[in-house]
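> Okay, here's the structure, questions in a sec.
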Amino acid sequence: MENLNISISITDENNEKLKSKVQKLDVSLDEYVSRLIDKDINSIVQLDNGFHYNKANSKLFNSFNDEVKLTRIEEALFSLLLENRGEIVSIETIHNVAWKGKNMTRFTLRNKVKTLRDKTYYDLIKNHSNIGYSMN
């Protein structure tokens, strides 16, 4: 790993907060800053067709870097499928997480998946009949 020296200026108040945070986590300042940078860099998930998702702020962007607006349920469904990318997420899990146990029919779920596909691209989400969905 290459060393990089960085100099930053922060307020006394933020300096105290930073010291407290580092002490609570029981890590060095270098380790803490390294984790923040790593988290920021790894927060971008590249998808096909120029789409990308920023996990840090839960926003989806198209190939023109324009934000794709998602409803609360669309965002929850998208995030859940992304978190379990490559795995089948059961209909029951989707109901519990994205809908938070509120009324959801299979028709409603299919409509949300269709809407996400319309806002992104069809091959992003795969249907597994009577089992659930997965994200490629």
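Chain identifiers are assigned as A, B, and so on, following the order in which chains appear in the structure tokens; residues are numbered from 1 within each chain, and ligands are numbered from 1 in order of appearance.
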Kindly assemble as JSON lines a list of the stretch 52-91 of chain A residues that lie within 9 Å of stretch 117-135 of chain A, each paired with its nearest atom pair and their distance in Å to one decimal, using only C-alpha atoms, sorted first by chain and then by ascending residue number.


{"residue": "A:Asn62", "atom": "CA", "partner": "A:Thr120", "partner_atom": "CA", "distance": 7.5}
{"residue": "A:Val68", "atom": "CA", "partner": "A:Lys119", "partner_atom": "CA", "distance": 7.0}
{"residue": "A:Lys69", "atom": "CA", "partner": "A:Lys119", "partner_atom": "CA", "distance": 8.5}
{"residue": "A:Leu70", "atom": "CA", "partner": "A:Lys119", "partner_atom": "CA", "distance": 8.7}
{"residue": "A:Phe78", "atom": "CA", "partner": "A:Met135", "partner_atom": "CA", "distance": 8.5}
{"residue": "A:Leu81", "atom": "CA", "partner": "A:Met135", "partner_atom": "CA", "distance": 5.6}
{"residue": "A:Leu82", "atom": "CA", "partner": "A:Met135", "partner_atom": "CA", "distance": 6.2}
{"residue": "A:Asn84", "atom": "CA", "partner": "A:Ser134", "partner_atom": "CA", "distance": 7.6}
{"residue": "A:Arg85", "atom": "CA", "partner": "A:Met135", "partner_atom": "CA", "distance": 5.1}
{"residue": "A:Gly86", "atom": "CA", "partner": "A:Met135", "partner_atom": "CA", "distance": 5.9}
{"residue": "A:Glu87", "atom": "CA", "partner": "A:Ser134", "partner_atom": "CA", "distance": 5.7}
{"residue": "A:Ile88", "atom": "CA", "partner": "A:Ser134", "partner_atom": "CA", "distance": 4.7}
{"residue": "A:Val89", "atom": "CA", "partner": "A:Gly132", "partner_atom": "CA", "distance": 5.4}
{"residue": "A:Ser90", "atom": "CA", "partner": "A:Gly132", "partner_atom": "CA", "distance": 4.2}
{"residue": "A:Ile91", "atom": "CA", "partner": "A:Gly132", "partner_atom": "CA", "distance": 4.7}

> Please provide as a list in words all residues within 12 Å of stretch 20-26 of chain A, with the sequence filter that same-chain residues fewer than 6 positions apart are discarded (counting only C-alpha atoms).

Glu13, Asn14, Tyr32, Val33, Arg35 and Leu36 of chain A

> Take the selection from the previous step and output its residues with all heavy atoms, as an mmCIF file, in the first residue's frame.


data_model
loop_
_atom_site.group_PDB
_atom_site.id
_atom_site.type_symbol
_atom_site.label_atom_id
_atom_site.label_comp_id
_atom_site.auth_asym_id
_atom_site.auth_seq_id
_atom_site.Cartn_x
_atom_site.Cartn_y
_atom_site.Cartn_z
ATOM 1 N N GLU A 13 -14.192 22.264 17.269
ATOM 2 C CA GLU A 13 -15.349 21.449 17.645
ATOM 3 C C GLU A 13 -15.343 20.122 16.883
ATOM 4 O O GLU A 13 -15.525 19.050 17.472
ATOM 5 C CB GLU A 13 -16.649 22.203 17.355
ATOM 6 C CG GLU A 13 -17.898 21.433 17.721
ATOM 7 C CD GLU A 13 -19.172 22.184 17.372
ATOM 8 O OE1 GLU A 13 -19.118 23.378 17.023
ATOM 9 O OE2 GLU A 13 -20.228 21.548 17.457
ATOM 10 N N ASN A 14 -15.117 20.181 15.583
ATOM 11 C CA ASN A 14 -15.069 18.948 14.785
ATOM 12 C C ASN A 14 -13.861 18.101 15.141
ATOM 13 O O ASN A 14 -13.917 16.878 15.085
ATOM 14 C CB ASN A 14 -15.078 19.266 13.296
ATOM 15 C CG ASN A 14 -16.457 19.634 12.800
ATOM 16 O OD1 ASN A 14 -17.459 19.324 13.438
ATOM 17 N ND2 ASN A 14 -16.521 20.314 11.669
ATOM 18 N N TYR A 32 -9.301 5.270 10.629
ATOM 19 C CA TYR A 32 -10.643 5.829 10.519
ATOM 20 C C TYR A 32 -10.811 6.572 9.189
ATOM 21 O O TYR A 32 -11.789 6.360 8.464
ATOM 22 C CB TYR A 32 -10.934 6.755 11.700
ATOM 23 C CG TYR A 32 -12.314 7.354 11.660
ATOM 24 C CD1 TYR A 32 -13.442 6.577 11.901
ATOM 25 C CD2 TYR A 32 -12.497 8.699 11.365
ATOM 26 C CE1 TYR A 32 -14.714 7.120 11.849
ATOM 27 C CE2 TYR A 32 -13.759 9.257 11.320
ATOM 28 C CZ TYR A 32 -14.859 8.462 11.557
ATOM 29 O OH TYR A 32 -16.118 9.008 11.503
ATOM 30 N N VAL A 33 -9.868 7.423 8.854
ATOM 31 C CA VAL A 33 -9.935 8.179 7.601
ATOM 32 C C VAL A 33 -9.862 7.224 6.406
ATOM 33 O O VAL A 33 -10.585 7.386 5.420
ATOM 34 C CB VAL A 33 -8.825 9.251 7.542
ATOM 35 C CG1 VAL A 33 -8.747 9.895 6.161
ATOM 36 C CG2 VAL A 33 -9.051 10.307 8.618
ATOM 37 N N ARG A 35 -10.931 4.179 6.314
ATOM 38 C CA ARG A 35 -12.252 3.531 6.213
ATOM 39 C C ARG A 35 -13.267 4.457 5.546
ATOM 40 O O ARG A 35 -14.080 4.016 4.731
ATOM 41 C CB ARG A 35 -12.761 3.147 7.600
ATOM 42 C CG ARG A 35 -12.082 1.952 8.213
ATOM 43 C CD ARG A 35 -12.674 1.643 9.567
ATOM 44 N NE ARG A 35 -11.937 0.620 10.279
ATOM 45 C CZ ARG A 35 -12.244 0.206 11.485
ATOM 46 N NH1 ARG A 35 -13.269 0.723 12.141
ATOM 47 N NH2 ARG A 35 -11.531 -0.740 12.065
ATOM 48 N N LEU A 36 -13.235 5.742 5.914
ATOM 49 C CA LEU A 36 -14.162 6.709 5.304
ATOM 50 C C LEU A 36 -13.936 6.809 3.798
ATOM 51 O O LEU A 36 -14.885 6.815 3.019
ATOM 52 C CB LEU A 36 -13.997 8.092 5.944
ATOM 53 C CG LEU A 36 -14.520 8.279 7.350
ATOM 54 C CD1 LEU A 36 -14.175 9.676 7.854
ATOM 55 C CD2 LEU A 36 -16.019 8.049 7.415
#

> Based on the backbone DSSP call, show me all residues of chain A assigned strand (DSSP E), as a count of residues only.

21

> Please list as a ChimeraX atom specification every residue within 12 Å of A:His95, counting only C-alpha atoms and excluding residues in the same chain fewer than 3 positions away.

/A:73,76-77,80,89-92,98-106,108-109,112,132-133

> Could you work out how far atom CA of A:Asn57 lies from atom CA of A:Lys39, giving the answer in Å with one decimal?

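If I compute the distance from atom CA of A:Lys39 to atom CA of A:Asn57, I get 11.8 Å.
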
> From the set A:Asp30, A:Asn5, A:Thr93, A:Glu67, which residue has the shortest atom-to-atom contact distance to A:Tyr53, counting only C-alpha atoms?

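Ranking A:Asp30, A:Asn5, A:Thr93, A:Glu67 by distance to A:Tyr53, first place goes to A:Glu67.
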
> List every residue of chain A that DSSP, applied to the backbone of this structure, places in helix (DSSP H, G or I), and write the result as a PyMOL selection string.

chain A and resi 12-25+29-41+48-50+72-83+91-97+106-119+122-124

> Restricting the calculation to only C-alpha atoms, which member of A:Ser7, A:Thr71, A:Asn96, A:Asn65 is positioned closest to A:Asn49?

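Residue with the minimum atom-to-atom distance to A:Asn49: A:Asn65.
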
> Which residues are close to A:Gln46, i.e. within 12 Å by only C-alpha atoms, leaving aside same-chain residues fewer than 2 positions away? Reply as a list in words.

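Result of the neighbour search: Ile41, Asn42, Ser43, Ile44, Asp48, Asn49, Gly50, Phe51, His52, Tyr53, Asn54, Lys55, Leu60, Phe61, Asn62, Ser63, Asn65, Leu82, Leu124 and Asn136 of chain A.
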
> So the first atom is atom CA of A:Leu47 and the second is atom CA of A:Phe107; what is the distance between them in Å, to one decimal place?

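Interatomic distance here is 26.3 Å.
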
> Have a look at A:Leu116, A:Asn15, A:Val97, A:Glu75 and name the one nearest to A:Leu29; count only C-alpha atoms.

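Smallest separation from A:Leu29 among the options: A:Asn15.
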